[in-house]
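J.: Here's a structure for you.
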Amino acid sequence: MTTTRWEPPDPRQLPEWRGELLDYLSGDVATTTMRGALSAGRCTIVPTVPGVDASAESIGSILLTRSEHDRLNRAELYYATPDMTALALAAAATPPTEPMTLRRLPSEAGMIVFGEPIGGYTEDVAAVFAGALAGNSVAPTLITTPIVAVSWSVWDPRAVALDQGSVRWTFRGQGRTGTIPPDFRGVWLTFYSPRGIFSGLAPETEIATMPDGAVITAGAIDATRATHGPVLGWDNEMLLREGATFGPAQPDTTELWSHVLYTAWQLMGHDGKNQWAEVEDVPRARAGQKRDRRQGITASGAVRIVRVHPGRRPSPKAAAEDAEASTGRREPQWSCRWPVRPYRRNTCMNPRAHGAGECEHEDRIVPGHIKGPEGKPLRTGSTVHLWDSQPAAEA
């Protein structure tokens with residue numbers, strides 16, 4: 001089994017990455033790929049237009065790529081550093097306790113790229129290329145695909161439409177299928193994986209054979225993808241309903257990844273004594289702003305770099321130890337950076353109205369704390385960590 005390598009970008013590259021994605025979503029390759037994903041049942045949100053003389057997959061692929069194009073046009077850009085990503089994963093080890101609220105969104109539409117994967121999944125190459133290759137898959141080859149970015153927008157099914165007919169939106173997943181009601185209120189999330197799906201394999205690894213006997217290798221596929229198409233690729237999508245509660249999620253699912261994203265939003269929104277993150281705005285260069293306008297991008301083009309607040313950063317040594325332990329994982333290790341994980345406290349925002357049931361509650365993420373005599377081993381579960389002093393702040 002192999003894991004796709006993820007090399008996070010310089011945050012200043014994100015506007016260019018967005019431009020590449022927009023160009024790709026405007027072309028035939030994107031709709032063809034999306035049509036194949038719909039046919040293979042890999043999509044969670046499925047739009048159809050009854051009465052139109054075209055296949056459901058053809059109509060759905062057009063609407064989904066148009067929708068993502070519209071969302072990225074309006075998206076504010078964010079980059080979560082590796083430390084910030086690990087913090088979000090540590091805090092998200094328990095699901096959010098508050099009902100999902102749109103107040104947590106840092107912007108109405110956005111895209112965040114994480115310095116480390118927030119999750120992933122493992123599957124056989126044959127499933128990846130089901131219907132995409134004319135040849136036959138060779139010996140079973142398992143690959144792990146990491147999830148490294150998410151786009152979002154407040155759900156608005158009217159934002160994208162065809163010239164004829166009304167769009168009917170449905171969802172499917174976890175053994176359920178249903179119609180998304182017209183008054184649905186929530187957030188649409190799209191999860192992205194990196195280009196280079198076979199980058200962890202030896203280049204000579206045989207992926208498939210064509211009918212004429214030609215062999216397709218991992219190196220040949222990655223060499224083509226390295227020079228064609230955007231760095232990030234659409235992987236899957238889901239809806240978060242406003243007011244819905246978060247429960248335990250199965251590993252390697254969109255639900256679990258949404259917990260990490262929502263936790264990142266919570267961390268970005270805390271201030272005062274509860275401040276966990278600091279945000280640096282990196283403005284778009286003037287030449288880049290002109291290119292953005294030519295592409296129809298309405299967002300600012302600035303990149304918001306989200307870091308752990310200086311008062312809560314782990315030591316460089318602890319971060320390095322976690323990075324070493326994370327080799328080959330689908331998400332980073334964080335046990336050295338936060339030996340006692342941050343935890344959630346459900347906080348009443350209006351105690352005077354609590355007795356009457358008219359108050360609102362929301363999560364406060366607080367630092368893990370240490371109990372017991374100073375200098376004694378810290379026991380968390382079955383693992384013992386020695387804690388001699390608070391980690392030094394990163395310079």
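For the structure tokens, the naming scheme is as follows: chains receive sequential letters (A, B, ...) according to their order of presentation, residues are indexed from 1 within each chain, and ligands are indexed from 1 in presentation order.
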So which residues touch A:Asp70 within 10 Å, counting only C-alpha atoms, skipping near sequence neighbours fewer than 2 positions away, as a CSV table (one decimal) with C-alpha atoms, in the first residue's frame?

T.:
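Below is the file selection15.csv, written as the result:
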chain,number,residue,atom,x,y,z
A,22,LEU,CA,-11.1,27.6,-12.8
A,25,LEU,CA,-13.5,23.5,-14.6
A,64,LEU,CA,-21.6,20.3,-10.6
A,65,THR,CA,-18.6,21.7,-12.5
A,66,ARG,CA,-20.5,25.0,-13.0
A,67,SER,CA,-21.4,25.1,-9.3
A,68,GLU,CA,-17.8,24.6,-8.2
A,72,LEU,CA,-14.3,29.2,-6.4
A,73,ASN,CA,-14.9,32.6,-8.1
A,74,ARG,CA,-16.3,33.9,-4.9
A,75,ALA,CA,-14.0,32.0,-2.5
A,109,ALA,CA,-17.6,31.2,0.3
A,153,SER,CA,-20.3,28.2,0.2
A,159,ALA,CA,-26.8,30.1,-8.2
A,160,VAL,CA,-26.3,27.7,-11.1
A,296,GLY,CA,-14.2,36.8,-13.5
A,297,ILE,CA,-13.0,36.2,-9.9
A,298,THR,CA,-14.9,38.4,-7.5

J.: For A:Met268, work out the shell of residues within 9 Å, counting only C-alpha atoms and skipping chain neighbours fewer than 3 positions away, then give it as an MDAnalysis selection string.

T.: chainID A and resid 104 106 263:265 271 275:279 306

J.: Please extract the residues of stretch 116-338 of chain A with a backbone DSSP assignment of helix (DSSP H, G or I) and present them as a PyMOL selection string.

T.: chain A and resi 125-128+218-227+254-269+272-274+286-295+310-312+316-325

J.: Set the distance at 6 Å and use only C-alpha atoms: which residues neighbour stretch 147-150 of chain A once local chain neighbours fewer than 5 positions away are removed? I'd like the list as a list of chain:residue names.

T.: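 Near neighbours after the sequence-gap exclusion: A:Met111, A:Ile112, A:Val113, A:Phe114, A:Pro117, A:Ile118, A:Gly119, A:Gly120, A:Thr190, A:Phe191, A:Tyr192, A:Ser193.
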
J.: Taking only C-alpha atoms into account, name the residue in A:Pro367, A:Gly36, A:Met349, A:Gly41 that is nearest to A:Pro314.

T.: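 The shortest atom-to-atom distance to A:Pro314 comes from A:Pro367.
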
J.: DSSP on the backbone, then: every residue of stretch 211-376 of chain A marked strand (DSSP E), written as a ChimeraX atom specification.

T.: /A:215-217,232-241,277-282,303-308,343-348,361-366

J.: Suppose we keep N, CA, C and O atoms; can you now write the selection as a compact mmCIF listing (two decimals), in the first residue's frame?

T.:
# COMPACT_ATOMS: atom_id res chain seq x y z
N VAL A 215 1.45 -1.49 -21.73
CA VAL A 215 1.38 -1.40 -20.27
C VAL A 215 1.38 0.07 -19.84
O VAL A 215 2.17 0.88 -20.33
N ILE A 216 0.47 0.41 -18.94
CA ILE A 216 0.41 1.75 -18.38
C ILE A 216 1.07 1.70 -17.01
O ILE A 216 0.66 0.91 -16.15
N THR A 217 2.08 2.52 -16.80
CA THR A 217 2.81 2.51 -15.53
C THR A 217 2.45 3.72 -14.68
O THR A 217 1.92 4.72 -15.18
N LEU A 232 -4.67 20.54 -7.49
CA LEU A 232 -5.70 19.92 -6.66
C LEU A 232 -6.80 19.34 -7.53
O LEU A 232 -7.13 19.90 -8.58
N GLY A 233 -7.39 18.24 -7.07
CA GLY A 233 -8.46 17.62 -7.82
C GLY A 233 -9.67 17.36 -6.95
O GLY A 233 -9.54 16.97 -5.78
N TRP A 234 -10.88 17.58 -7.52
CA TRP A 234 -12.12 17.30 -6.81
C TRP A 234 -12.13 15.85 -6.37
O TRP A 234 -11.74 14.96 -7.10
N ASP A 235 -12.58 15.61 -5.12
CA ASP A 235 -12.65 14.25 -4.62
C ASP A 235 -14.09 13.86 -4.26
O ASP A 235 -14.59 12.84 -4.72
N ASN A 236 -14.75 14.65 -3.42
CA ASN A 236 -16.12 14.35 -3.03
C ASN A 236 -16.73 15.60 -2.42
O ASN A 236 -16.04 16.61 -2.25
N GLU A 237 -18.01 15.52 -2.09
CA GLU A 237 -18.71 16.70 -1.56
C GLU A 237 -19.77 16.26 -0.56
O GLU A 237 -20.12 15.07 -0.48
N MET A 238 -20.27 17.21 0.22
CA MET A 238 -21.34 16.92 1.16
C MET A 238 -22.03 18.22 1.55
O MET A 238 -21.52 19.32 1.27
N LEU A 239 -23.17 18.09 2.23
CA LEU A 239 -23.89 19.23 2.77
C LEU A 239 -23.89 19.16 4.29
O LEU A 239 -24.05 18.09 4.87
N LEU A 240 -23.70 20.31 4.93
CA LEU A 240 -23.88 20.46 6.37
C LEU A 240 -25.14 21.28 6.60
O LEU A 240 -25.21 22.44 6.16
N ARG A 241 -26.13 20.71 7.27
CA ARG A 241 -27.39 21.42 7.50
C ARG A 241 -27.28 22.28 8.74
O ARG A 241 -26.80 21.85 9.77
N ALA A 277 -5.81 31.03 17.28
CA ALA A 277 -5.20 31.24 15.97
C ALA A 277 -4.90 32.71 15.74
O ALA A 277 -5.55 33.60 16.31
N GLU A 278 -3.92 32.97 14.91
CA GLU A 278 -3.67 34.30 14.40
C GLU A 278 -3.67 34.23 12.88
O GLU A 278 -3.27 33.21 12.30
N VAL A 279 -4.13 35.27 12.25
CA VAL A 279 -4.31 35.28 10.79
C VAL A 279 -3.49 36.41 10.19
O VAL A 279 -3.58 37.56 10.63
N GLU A 280 -2.68 36.07 9.20
CA GLU A 280 -1.90 37.07 8.45
C GLU A 280 -2.47 37.16 7.04
O GLU A 280 -2.58 36.16 6.34
N ASP A 281 -2.84 38.36 6.62
CA ASP A 281 -3.34 38.58 5.27
C ASP A 281 -2.18 38.90 4.33
O ASP A 281 -1.43 39.85 4.56
N VAL A 282 -2.05 38.10 3.29
CA VAL A 282 -1.02 38.34 2.27
C VAL A 282 -1.74 38.84 1.02
O VAL A 282 -2.46 38.07 0.36
N VAL A 303 -4.53 36.02 0.47
CA VAL A 303 -4.47 34.72 1.15
C VAL A 303 -4.35 34.98 2.64
O VAL A 303 -3.49 35.75 3.09
N ARG A 304 -5.22 34.33 3.41
CA ARG A 304 -5.18 34.43 4.86
C ARG A 304 -4.44 33.21 5.42
O ARG A 304 -4.95 32.10 5.35
N ILE A 305 -3.24 33.45 5.94
CA ILE A 305 -2.44 32.37 6.51
C ILE A 305 -2.84 32.21 7.97
O ILE A 305 -2.73 33.15 8.77
N VAL A 306 -3.32 31.03 8.33
CA VAL A 306 -3.82 30.76 9.67
C VAL A 306 -2.77 29.96 10.44
O VAL A 306 -2.42 28.84 10.05
N ARG A 307 -2.26 30.56 11.50
CA ARG A 307 -1.24 29.93 12.33
C ARG A 307 -1.78 29.74 13.75
O ARG A 307 -2.72 30.42 14.17
N VAL A 308 -1.13 28.84 14.49
CA VAL A 308 -1.43 28.71 15.90
C VAL A 308 -0.93 29.97 16.61
O VAL A 308 0.16 30.48 16.31
N TYR A 343 -9.60 20.18 24.41
CA TYR A 343 -10.92 19.57 24.52
C TYR A 343 -12.00 20.65 24.42
O TYR A 343 -11.73 21.85 24.52
N ARG A 344 -13.24 20.20 24.24
CA ARG A 344 -14.37 21.11 24.05
C ARG A 344 -15.10 21.32 25.37
O ARG A 344 -15.31 20.38 26.14
N ARG A 345 -15.54 22.55 25.58
CA ARG A 345 -16.41 22.86 26.71
C ARG A 345 -17.67 23.52 26.15
O ARG A 345 -17.59 24.55 25.49
N ASN A 346 -18.81 22.91 26.39
CA ASN A 346 -20.08 23.47 25.92
C ASN A 346 -20.46 24.62 26.85
O ASN A 346 -20.72 24.41 28.04
N THR A 347 -20.47 25.84 26.32
CA THR A 347 -20.60 27.05 27.13
C THR A 347 -21.93 27.73 26.88
O THR A 347 -22.32 27.94 25.72
N CYS A 348 -22.63 28.08 27.95
CA CYS A 348 -23.88 28.84 27.84
C CYS A 348 -23.54 30.30 27.59
O CYS A 348 -22.78 30.91 28.35
N HIS A 361 -26.00 27.87 23.34
CA HIS A 361 -24.74 27.27 23.75
C HIS A 361 -23.82 27.16 22.54
O HIS A 361 -24.28 26.98 21.42
N GLU A 362 -22.53 27.27 22.79
CA GLU A 362 -21.56 27.05 21.73
C GLU A 362 -20.29 26.48 22.33
O GLU A 362 -20.04 26.57 23.54
N ASP A 363 -19.48 25.86 21.46
CA ASP A 363 -18.23 25.25 21.90
C ASP A 363 -17.20 26.30 22.26
O ASP A 363 -17.08 27.34 21.61
N ARG A 364 -16.44 26.01 23.31
CA ARG A 364 -15.20 26.70 23.59
C ARG A 364 -14.12 25.63 23.63
O ARG A 364 -14.24 24.66 24.38
N ILE A 365 -13.09 25.78 22.83
CA ILE A 365 -12.00 24.81 22.82
C ILE A 365 -10.93 25.32 23.78
O ILE A 365 -10.44 26.45 23.64
N VAL A 366 -10.63 24.52 24.77
CA VAL A 366 -9.71 24.94 25.83
C VAL A 366 -8.50 24.04 25.83
O VAL A 366 -8.55 22.89 25.36

J.: Please measure the separation of atom CA of A:Pro181 and atom CA of A:Thr97, giving the value in Å to one decimal.

T.: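 Atom CA of A:Thr97 lies 25.4 Å from atom CA of A:Pro181.
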
J.: Env of A:Ala285: 9 Å cut, atoms = only C-alpha atoms, seq-sep filter 5 positions within chain, self excluded. Answer as a list in words.

T.: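 Near A:Ala285, the qualifying residues are Lys290, Gly301 and Ala302 of chain A.
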
J.: So what do you get for atom CA of A:His270 versus atom CA of A:Ala88, distance-wise?

T.: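 Between atom CA of A:His270 and atom CA of A:Ala88 the gap works out to 13.0 Å.
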
J.: Atom CA of A:His259 and atom CA of A:Ser315, how far apart in Å?

T.: 25.8 Å

J.: I'd like the contact shell of stretch 166-177 of chain A - 12 Å cut-off, only C-alpha atoms, skipping same-chain residues fewer than 6 positions apart - returned as a ChimeraX atom specification.

T.: /A:38,41-52,56,59-60,62-64,155-160,183-184,188,236-240,249-250,253-255

J.: Between A:Leu77, A:Met34, A:Val231, A:Ala54, which has the minimum distance to A:Pro9 (counting only C-alpha atoms)?

T.: A:Val231

J.: Counting only C-alpha atoms, which of A:Trp257, A:Pro351, A:Pro230, A:Pro11 gets nearest to A:Ala30?

T.: A:Pro230
